[in-house]
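Colleague: So here's target_37.txt, just compact mmCIF, C-alpha atoms:
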# COMPACT_ATOMS: atom_id res chain seq x y z
CA TYR A 1 22.14 2.57 -10.12
CA LEU A 2 22.52 2.28 -6.34
CA ASN A 3 24.07 -0.36 -4.13
CA SER A 4 21.90 -3.18 -2.80
CA THR A 5 21.20 -1.24 0.42
CA ALA A 6 20.75 2.43 -0.35
CA ASP A 7 19.81 5.55 1.62
CA VAL A 8 18.56 8.60 -0.30
CA ALA A 9 18.00 11.83 1.65
CA GLY A 10 16.56 15.12 0.45
CA THR A 11 17.47 17.17 3.51
CA GLY A 12 15.59 20.44 3.32
CA GLY A 13 14.01 19.45 0.01
CA ALA A 14 12.28 16.75 -2.01
CA VAL A 15 13.34 13.46 -3.60
CA THR A 16 11.82 13.19 -7.08
CA GLY A 17 12.39 11.31 -10.32
CA THR A 18 10.70 9.92 -13.41
CA GLY A 19 13.75 8.13 -14.82
CA GLN A 20 14.31 4.51 -13.84
CA LEU A 21 15.93 3.96 -10.44
CA THR A 22 17.76 0.65 -10.01
CA VAL A 23 18.80 -0.58 -6.56
CA GLY A 24 21.23 -3.49 -6.27
CA THR A 25 20.74 -6.88 -7.87
CA ALA A 26 17.32 -8.36 -8.62
CA GLY A 27 15.46 -9.33 -5.48
CA ALA A 28 18.10 -8.03 -3.08
CA GLY A 29 17.58 -4.27 -3.07
CA GLU A 30 16.56 -2.28 0.00
CA LEU A 31 15.85 1.42 -0.36
CA THR A 32 15.43 4.05 2.35
CA VAL A 33 14.18 7.47 1.22
CA THR A 34 13.93 10.47 3.54
CA ALA A 35 12.82 13.97 2.51
CA ASP A 36 11.57 17.24 3.96
CA THR A 37 9.30 18.44 1.15
CA GLY A 38 8.01 15.30 -0.52
CA ILE A 39 8.94 12.04 -2.24
CA ASN A 40 7.95 11.38 -5.86
CA LEU A 41 9.57 8.28 -7.38
CA VAL A 42 7.46 6.83 -10.16
CA ASN A 43 9.68 4.45 -12.14
CA VAL A 44 11.54 2.17 -9.75
CA ALA A 45 13.05 -1.02 -11.21
CA ASN A 46 12.21 -4.44 -9.82
CA ASN A 47 15.39 -4.71 -7.73
CA ALA A 48 14.12 -2.71 -4.74
CA ARG A 49 11.93 -5.18 -2.87
CA THR A 50 12.02 -3.53 0.59
CA VAL A 51 11.34 0.20 0.81
CA HIS A 52 11.19 2.70 3.68
CA LEU A 53 9.65 6.09 2.87
CA THR A 54 9.64 9.06 5.26
CA ASN A 55 8.64 12.64 4.57
CA ASN A 56 9.11 15.09 7.41
CA ALA A 57 6.68 17.80 8.46
CA THR A 58 7.65 20.65 6.11
CA ALA A 59 5.57 20.05 2.96
CA GLY A 60 4.74 17.60 0.20
CA ASN A 61 3.32 14.18 -0.56
CA VAL A 62 4.78 10.67 -0.76
CA VAL A 63 4.35 8.92 -4.13
CA TYR A 64 6.17 5.66 -4.90
CA ASN A 65 5.42 3.55 -8.00
CA SER A 66 7.37 0.38 -8.73
CA ASN A 67 7.36 -2.89 -10.63
CA VAL A 68 8.90 -5.82 -8.76
CA GLY A 69 7.53 -8.26 -11.31
CA ALA A 70 4.70 -10.77 -11.11
CA ALA A 71 5.03 -13.38 -8.34
CA ASN A 72 7.32 -11.04 -6.37
CA THR A 73 6.46 -8.79 -3.44
CA LEU A 74 7.20 -5.16 -2.61
CA THR A 75 7.43 -4.64 1.16
CA VAL A 76 6.97 -1.06 2.30
CA ASP A 77 6.64 1.11 5.39
CA GLY A 78 6.90 4.79 6.14
CA ALA A 79 5.20 8.02 7.13
CA ASN A 80 4.28 11.45 5.89
CA GLY A 81 4.55 13.89 8.77
CA PHE A 82 3.27 16.88 6.80
CA ALA A 83 -0.27 17.81 7.82
CA THR A 84 -2.73 16.66 5.11
CA GLY A 85 0.13 15.27 3.00
CA SER A 86 -0.79 12.06 1.18
CA PHE A 87 1.00 8.68 1.10
CA SER A 88 0.60 6.61 -2.06
CA VAL A 89 2.29 3.36 -3.12
CA THR A 90 1.47 1.53 -6.34
CA GLU A 91 2.97 -1.83 -7.30
CA ALA A 92 2.41 -2.49 -11.00
CA ALA A 93 2.83 -6.27 -11.22
CA GLY A 94 3.62 -7.98 -7.92
CA SER A 95 2.08 -8.18 -4.49
CA LEU A 96 2.32 -5.43 -1.88
CA THR A 97 3.03 -5.92 1.83
CA VAL A 98 2.97 -3.36 4.64
CA SER A 99 5.76 -4.29 7.04
CA GLY A 100 5.46 -4.34 10.83
CA SER A 101 6.96 -0.85 10.85
CA ASP A 102 3.59 0.49 9.62
CA ILE A 103 2.38 3.26 7.30
CA ALA A 104 1.14 6.56 8.71
CA ALA A 105 -0.08 9.94 7.54
CA ASN A 106 -0.85 13.15 9.40
CA ASN A 107 -4.49 13.73 8.43
CA GLY A 108 -3.66 12.92 4.80
CA THR A 109 -4.99 10.31 2.39
CA ILE A 110 -3.35 6.88 2.06
CA ASN A 111 -3.61 4.85 -1.16
CA LEU A 112 -2.04 1.39 -1.41
CA THR A 113 -2.50 -0.44 -4.70
CA ALA A 114 -1.40 -3.81 -6.11
CA GLN A 115 -2.27 -3.71 -9.82
CA GLY A 116 -1.16 -7.23 -10.78
CA VAL A 117 -3.69 -9.90 -11.70
CA ASP A 118 -4.61 -11.93 -8.59
CA GLU A 119 -1.85 -10.28 -6.56
CA THR A 120 -2.27 -9.66 -2.81
CA LEU A 121 -2.14 -6.66 -0.50
CA THR A 122 -0.98 -7.91 2.91
CA LEU A 123 -0.58 -6.44 6.37
CA ALA A 124 2.33 -8.24 8.00
CA ALA A 125 1.89 -9.40 11.60
CA GLY A 126 1.35 -6.32 13.76
CA ALA A 127 1.32 -3.93 10.79
CA THR A 128 -0.99 -0.91 10.89
CA VAL A 129 -2.13 1.71 8.39
CA GLY A 130 -3.22 4.98 10.00
CA SER A 131 -4.13 8.23 8.27
CA GLY A 132 -4.89 10.45 11.24
CA GLY A 133 -8.13 11.53 9.59
CA GLY A 134 -7.62 11.20 5.84
CA ALA A 135 -9.32 8.65 3.61
CA ILE A 136 -7.66 5.24 3.21
CA THR A 137 -8.04 3.25 -0.01
CA LEU A 138 -6.71 -0.30 -0.33
CA THR A 139 -6.84 -1.81 -3.82
CA ALA A 140 -5.90 -5.37 -4.81
CA ASP A 141 -7.54 -8.46 -6.28
CA ASN A 142 -6.74 -10.34 -3.05
CA MET A 143 -6.15 -9.00 0.48
CA ASN A 144 -4.78 -10.35 3.74
CA LEU A 145 -5.49 -7.73 6.39
CA GLY A 146 -4.76 -10.00 9.34
CA SER A 147 -6.73 -9.49 12.53
CA ALA A 148 -7.00 -7.09 15.46
CA GLY A 149 -5.79 -9.93 17.68
CA ALA A 150 -2.56 -10.06 15.69
CA GLY A 151 -2.10 -6.31 16.13
CA ASN A 152 -3.28 -5.32 12.68
CA ALA A 153 -5.27 -2.12 12.19
CA VAL A 154 -6.56 0.12 9.41
CA ASN A 155 -7.54 3.35 11.18
CA SER A 156 -8.71 6.41 9.32
CA VAL A 157 -10.23 8.15 12.37
CA GLY A 158 -12.89 10.21 10.54
CA GLY A 159 -11.83 9.43 6.99
CA LEU A 160 -13.55 7.04 4.59
CA VAL A 161 -12.01 3.55 4.26
CA THR A 162 -12.40 1.86 0.87
CA LEU A 163 -11.52 -1.75 0.06
CA LYS A 164 -11.76 -2.73 -3.60
CA PRO A 165 -10.27 -5.12 -6.16
CA PHE A 166 -8.09 -3.74 -8.93
CA ALA A 167 -9.91 -5.81 -11.56
CA ALA A 168 -13.43 -4.44 -11.94
CA ALA A 169 -14.82 -7.92 -12.68
CA GLN A 170 -13.35 -9.52 -9.54
CA ALA A 171 -16.14 -10.83 -7.29
CA ILE A 172 -16.16 -9.83 -3.61
CA GLU A 173 -17.04 -12.08 -0.67
CA LEU A 174 -17.66 -10.71 2.83
CA GLY A 175 -18.09 -12.56 6.11
CA VAL A 176 -16.91 -15.54 8.10
CA GLY A 177 -16.60 -17.78 5.03
CA ALA A 178 -14.92 -15.29 2.72
CA THR A 179 -11.74 -16.51 1.02
CA ASP A 180 -9.45 -15.14 -1.67
CA SER A 181 -9.15 -16.90 -5.00
CA ALA A 182 -8.22 -16.17 -8.59
CA THR A 183 -11.66 -14.68 -9.19
CA VAL A 184 -12.66 -13.53 -5.68
CA LEU A 185 -11.54 -10.87 -3.23
CA GLY A 186 -12.45 -12.41 0.12
CA ILE A 187 -12.64 -10.18 3.20
CA ASP A 188 -13.47 -12.20 6.29
CA ASN A 189 -14.73 -11.07 9.69
CA ASN A 190 -11.24 -10.91 11.20
CA GLU A 191 -10.12 -8.59 8.43
CA LEU A 192 -13.21 -6.41 8.76
CA GLY A 193 -12.42 -6.23 12.48
CA THR A 194 -9.14 -4.44 11.77
CA ILE A 195 -10.95 -1.39 10.39
CA THR A 196 -11.71 1.67 12.53
CA SER A 197 -13.46 4.66 11.00
CA THR A 198 -16.20 7.10 11.85
CA GLY A 199 -16.15 8.25 8.22
CA GLY A 200 -17.61 5.05 6.80
CA LEU A 201 -16.50 1.90 4.99
CA THR A 202 -16.98 1.34 1.25
CA ILE A 203 -16.55 -2.11 -0.30
CA GLY A 204 -16.01 -2.00 -4.06
CA SER A 205 -16.51 1.06 -6.25
CA VAL A 206 -18.81 2.49 -8.90
CA ALA A 207 -16.62 0.76 -11.51
CA HIS A 208 -16.95 -2.65 -9.85
CA THR A 209 -18.97 -5.17 -11.86
CA GLY A 210 -18.11 -8.45 -10.11
CA GLY A 211 -20.85 -8.53 -7.51
CA ILE A 212 -20.72 -8.75 -3.69
CA THR A 213 -21.80 -11.81 -1.68
CA VAL A 214 -22.09 -12.17 2.11
CA VAL A 215 -20.97 -15.67 3.08
How does the structure come out when it is put into structure tokens?

Modeller:
Amino acid sequence: YLNSTADVAGTGGAVTGTGQLTVGTAGAGELTVTADTGINLVNVANNARTVHLTNNATAGNVVYNSNVGAANTLTVDGANGFATGSFSVTEAAGSLTVSGSDIAANNGTINLTAQGVDETLTLAAGATVGSGGGAITLTADNMNLGSAGAGNAVNSVGGLVTLKPFAAAQAIELGVGATDSATVLGIDNNELGTITSTGGLTIGSVAHTGGITVV
């Protein structure tokens, strides 16, 4: 159990754990994790709602799995400075927001996932997700990727960008009239305009059964 605002540093090493980590009182926790050889926290209690994750350029990946509870939101930012090191955040029940402080990797993959039913993956105003060349995968039943005009960007350079719902049966709408709903992942033109990649863009996946409609 850590205080409501907690800093955890693995200077010269990694920060890892599979036991439950509790930060402050419900809804008030803020967690900052800094490491030199990777972050692997896979059972974080619902108290930590704002998280900052930084791995320096020595070695390792960033893996953060939490459960803030349905109808709540995990807000996250951070970077993995290690070349080809990955950055992965999974929220089991609530929504997931990338803060204006951004998420970045150094030619490594980025995976951001909101697993809750009808929960939303959001880029806050001005927030960017940049992999420096690795693939970027965004997974959620609903998404709010903002717009390039608002400073939002999903930039994989030469990596593949994939946008897909967590629920395989969720329908997908693309285009000017696309809107999110309980049964639809809507990705409108403004959101599509945030994406930069020479490695291609994939909408959905081989497991997706909900259909895709251009509106």

Colleague: CA of Thr202 (chain A) to CA of Asp118 (chain A): how many Å, to one decimal?

Modeller: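 Rounded to one decimal, the two atoms are 20.6 Å apart.
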
Colleague: Show me a table, sorted first by chain and then by increasing residue number, of the residues of region 100-124 of chain A having an atom at most 12 Å from region 67-71 of chain A, each with its shortest atom pair and the distance in Å to one decimal, counting only C-alpha atoms and written as CSV.

Modeller:
residue,atom,partner,partner_atom,distance
A:Thr113,CA,A:Asn67,CA,11.8
A:Ala114,CA,A:Asn67,CA,9.9
A:Gln115,CA,A:Asn67,CA,9.7
A:Gly116,CA,A:Ala70,CA,6.9
A:Val117,CA,A:Ala70,CA,8.5
A:Asp118,CA,A:Ala70,CA,9.7
A:Glu119,CA,A:Ala71,CA,7.8
A:Thr120,CA,A:Ala71,CA,9.9

Colleague: Just how far from CA of Ala140 (chain A) is CA of Gly85 (chain A), in Å to one decimal?

Modeller: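 Going from CA of Gly85 (chain A) over to CA of Ala140 (chain A) covers 22.9 Å.
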
Colleague: Any idea what's packed within 9 Å of Leu163 (chain A), counting only C-alpha atoms, ignoring anything in its chain fewer than 2 positions away? Could you give it as a PDB file with C-alpha atoms, in the coordinates of the input?

Modeller:
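File produced: part.pdb:
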ATOM      1  CA  ILE A 136      -7.660   5.240   3.210  1.00  0.00           C
ATOM      2  CA  THR A 137      -8.040   3.250  -0.010  1.00  0.00           C
ATOM      3  CA  LEU A 138      -6.710  -0.300  -0.330  1.00  0.00           C
ATOM      4  CA  THR A 139      -6.840  -1.810  -3.820  1.00  0.00           C
ATOM      5  CA  ALA A 140      -5.900  -5.370  -4.810  1.00  0.00           C
ATOM      6  CA  VAL A 161     -12.010   3.550   4.260  1.00  0.00           C
ATOM      7  CA  PRO A 165     -10.270  -5.120  -6.160  1.00  0.00           C
ATOM      8  CA  LEU A 201     -16.500   1.900   4.990  1.00  0.00           C
ATOM      9  CA  THR A 202     -16.980   1.340   1.250  1.00  0.00           C
ATOM     10  CA  ILE A 203     -16.550  -2.110  -0.300  1.00  0.00           C
ATOM     11  CA  GLY A 204     -16.010  -2.000  -4.060  1.00  0.00           C
ATOM     12  CA  SER A 205     -16.510   1.060  -6.250  1.00  0.00           C
TER      13      SER A 205
END

Colleague: Just the residues within 10 Å of Ser86 (chain A), please, counting all atoms listed in the file, with nothing from its chain fewer than 4 positions along; format it as a list in words.

Modeller: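 After dropping sequence-adjacent residues, the list is Gly38, Gly60, Asn61, Val62, Val63, Ala79, Asn80, Gly81, Phe82, Ala104, Ala105, Asn106, Asn107, Gly108, Thr109, Ile110, Asn111, Ser131, Gly134, Ala135 and Ile136 of chain A.
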
Colleague: Can you work out which one of A:Thr122, A:Ser197, A:Ser95, A:Ser88 has the shortest atom-to-atom distance to Asn144 (chain A), counting all atoms listed in the file?

Modeller: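 Using all atoms listed in the file, Asn144 (chain A) sits closest to A:Thr122.
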
Colleague: For Thr16 (chain A), which residue among A:Val214, A:Leu41, A:Ala127, A:Ala35 is the nearest when counting all atoms listed in the file?

Modeller: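 The shortest atom-to-atom distance to Thr16 (chain A) comes from A:Leu41.
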
Colleague: Which residue is closest to Ile212 (chain A)? Choose from A:Asn155, A:Gln170, A:Asn189, A:Thr128 and count only C-alpha atoms.

Modeller: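 Counting only C-alpha atoms, the residue closest to Ile212 (chain A) is A:Gln170.
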
Colleague: One number please: CA of Ala83 (chain A) to CA of Thr58 (chain A), in Å, one decimal.

Modeller: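 Going from CA of Ala83 (chain A) over to CA of Thr58 (chain A) covers 8.6 Å.
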
Colleague: From the options A:Gly199, A:His208, A:Thr54, A:Lys164, which residue's atoms come nearest to Val15 (chain A), counting all atoms listed in the file?

Modeller: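 Residue with the minimum atom-to-atom distance to Val15 (chain A): A:Thr54.
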
Colleague: Determine, counting all atoms listed in the file, which protein, DNA and RNA residues have an atom within 8 Å of an atom of Val154 (chain A); residues of the same chain fewer than 6 positions away are not included. Present the result as a PDB file with C-alpha atoms, in the coordinates of the input.

Modeller:
ATOM      1  CA  THR A 128      -0.990  -0.910  10.890  1.00  0.00           C
ATOM      2  CA  VAL A 129      -2.130   1.710   8.390  1.00  0.00           C
ATOM      3  CA  GLY A 130      -3.220   4.980  10.000  1.00  0.00           C
ATOM      4  CA  THR A 194      -9.140  -4.440  11.770  1.00  0.00           C
ATOM      5  CA  ILE A 195     -10.950  -1.390  10.390  1.00  0.00           C
ATOM      6  CA  THR A 196     -11.710   1.670  12.530  1.00  0.00           C
TER       7      THR A 196
END

Colleague: When you count all atoms listed in the file, which of these residues is closest to Thr90 (chain A): A:Ala171, A:Ala153, A:Val76, A:Ala59?

Modeller: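 Comparing A:Ala171, A:Ala153, A:Val76, A:Ala59 against Thr90 (chain A), the winner is A:Val76.
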
Colleague: May I have the protein, DNA and RNA residues with an atom at most 6 Å from (-18.3, -8.8, -13.6), counting all atoms listed in the file in the file's coordinates, returned as a PDB file with C-alpha atoms, in the coordinates of the input?

Modeller:
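And here's part.pdb as it stands now:
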ATOM      1  CA  ALA A 169     -14.820  -7.920 -12.680  1.00  0.00           C
ATOM      2  CA  THR A 209     -18.970  -5.170 -11.860  1.00  0.00           C
ATOM      3  CA  GLY A 210     -18.110  -8.450 -10.110  1.00  0.00           C
TER       4      GLY A 210
END

Colleague: Could you check which of A:Ile39, A:Leu121, A:Ile187, A:Val176 is closest to Asn55 (chain A), using all atoms listed in the file?

Modeller: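 The answer is A:Ile39, which sits nearest to Asn55 (chain A).
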
Colleague: Need the axis-aligned box for region 78-86 of chain A with 4 Å each side, so what are the centre and edges in Å to one decimal, as AutoDock Vina command-line options?

Modeller:
--center_x 2.1 --center_y 11.3 --center_z 5.0 --size_x 17.6 --size_y 21.0 --size_z 15.6

Colleague: Keeping just C-alpha atoms, export region 102-161 of chain A of this structure as a CSV table (one decimal), in the first residue's frame.

Modeller:
chain,number,residue,atom,x,y,z
A,102,ASP,CA,1.9,11.8,-24.4
A,103,ILE,CA,3.2,8.2,-24.9
A,104,ALA,CA,6.4,7.4,-26.8
A,105,ALA,CA,8.6,4.5,-27.7
A,106,ASN,CA,12.0,4.3,-29.3
A,107,ASN,CA,11.3,2.2,-32.3
A,108,GLY,CA,9.3,-0.2,-30.2
A,109,THR,CA,5.7,-1.4,-30.3
A,110,ILE,CA,2.9,0.4,-28.4
A,111,ASN,CA,-0.3,-1.4,-27.3
A,112,LEU,CA,-3.1,0.4,-25.5
A,113,THR,CA,-6.1,-1.6,-24.6
A,114,ALA,CA,-9.4,-0.9,-22.8
A,115,GLN,CA,-11.1,-4.3,-22.2
A,116,GLY,CA,-14.3,-3.1,-20.6
A,117,VAL,CA,-17.6,-3.4,-22.4
A,118,ASP,CA,-18.4,-0.1,-24.3
A,119,GLU,CA,-15.4,1.6,-22.6
A,120,THR,CA,-13.5,4.3,-24.5
A,121,LEU,CA,-9.8,4.9,-25.4
A,122,THR,CA,-9.3,8.7,-25.6
A,123,LEU,CA,-6.5,11.0,-26.6
A,124,ALA,CA,-6.7,14.1,-24.4
A,125,ALA,CA,-6.4,17.5,-26.1
A,126,GLY,CA,-2.9,17.7,-27.6
A,127,ALA,CA,-2.0,14.1,-26.7
A,128,THR,CA,0.2,12.1,-29.0
A,129,VAL,CA,1.2,8.4,-29.3
A,130,GLY,CA,4.5,7.9,-31.2
A,131,SER,CA,6.4,4.7,-31.6
A,132,GLY,CA,9.4,5.9,-33.5
A,133,GLY,CA,9.0,3.0,-36.0
A,134,GLY,CA,7.3,0.2,-34.1
A,135,ALA,CA,3.7,-1.0,-34.6
A,136,ILE,CA,0.9,0.8,-32.7
A,137,THR,CA,-2.2,-1.1,-31.7
A,138,LEU,CA,-5.2,0.7,-30.1
A,139,THR,CA,-8.0,-1.5,-28.9
A,140,ALA,CA,-11.3,-0.4,-27.4
A,141,ASP,CA,-15.0,-0.7,-28.1
A,142,ASN,CA,-15.2,3.1,-28.5
A,143,MET,CA,-12.4,5.6,-29.3
A,144,ASN,CA,-12.0,9.3,-29.2
A,145,LEU,CA,-8.7,10.1,-31.0
A,146,GLY,CA,-9.4,13.8,-31.3
A,147,SER,CA,-8.1,15.7,-34.4
A,148,ALA,CA,-4.8,16.9,-35.9
A,149,GLY,CA,-6.1,20.4,-35.4
A,150,ALA,CA,-6.3,19.8,-31.7
A,151,GLY,CA,-2.7,18.6,-31.7
A,152,ASN,CA,-3.5,14.9,-31.5
A,153,ALA,CA,-1.4,12.4,-33.4
A,154,VAL,CA,-0.8,8.7,-33.7
A,155,ASN,CA,2.5,8.3,-35.5
A,156,SER,CA,4.2,5.0,-36.1
A,157,VAL,CA,6.6,6.3,-38.7
A,158,GLY,CA,7.1,3.0,-40.7
A,159,GLY,CA,5.2,0.7,-38.3
A,160,LEU,CA,1.7,-0.7,-38.8
A,161,VAL,CA,-1.2,1.1,-37.0
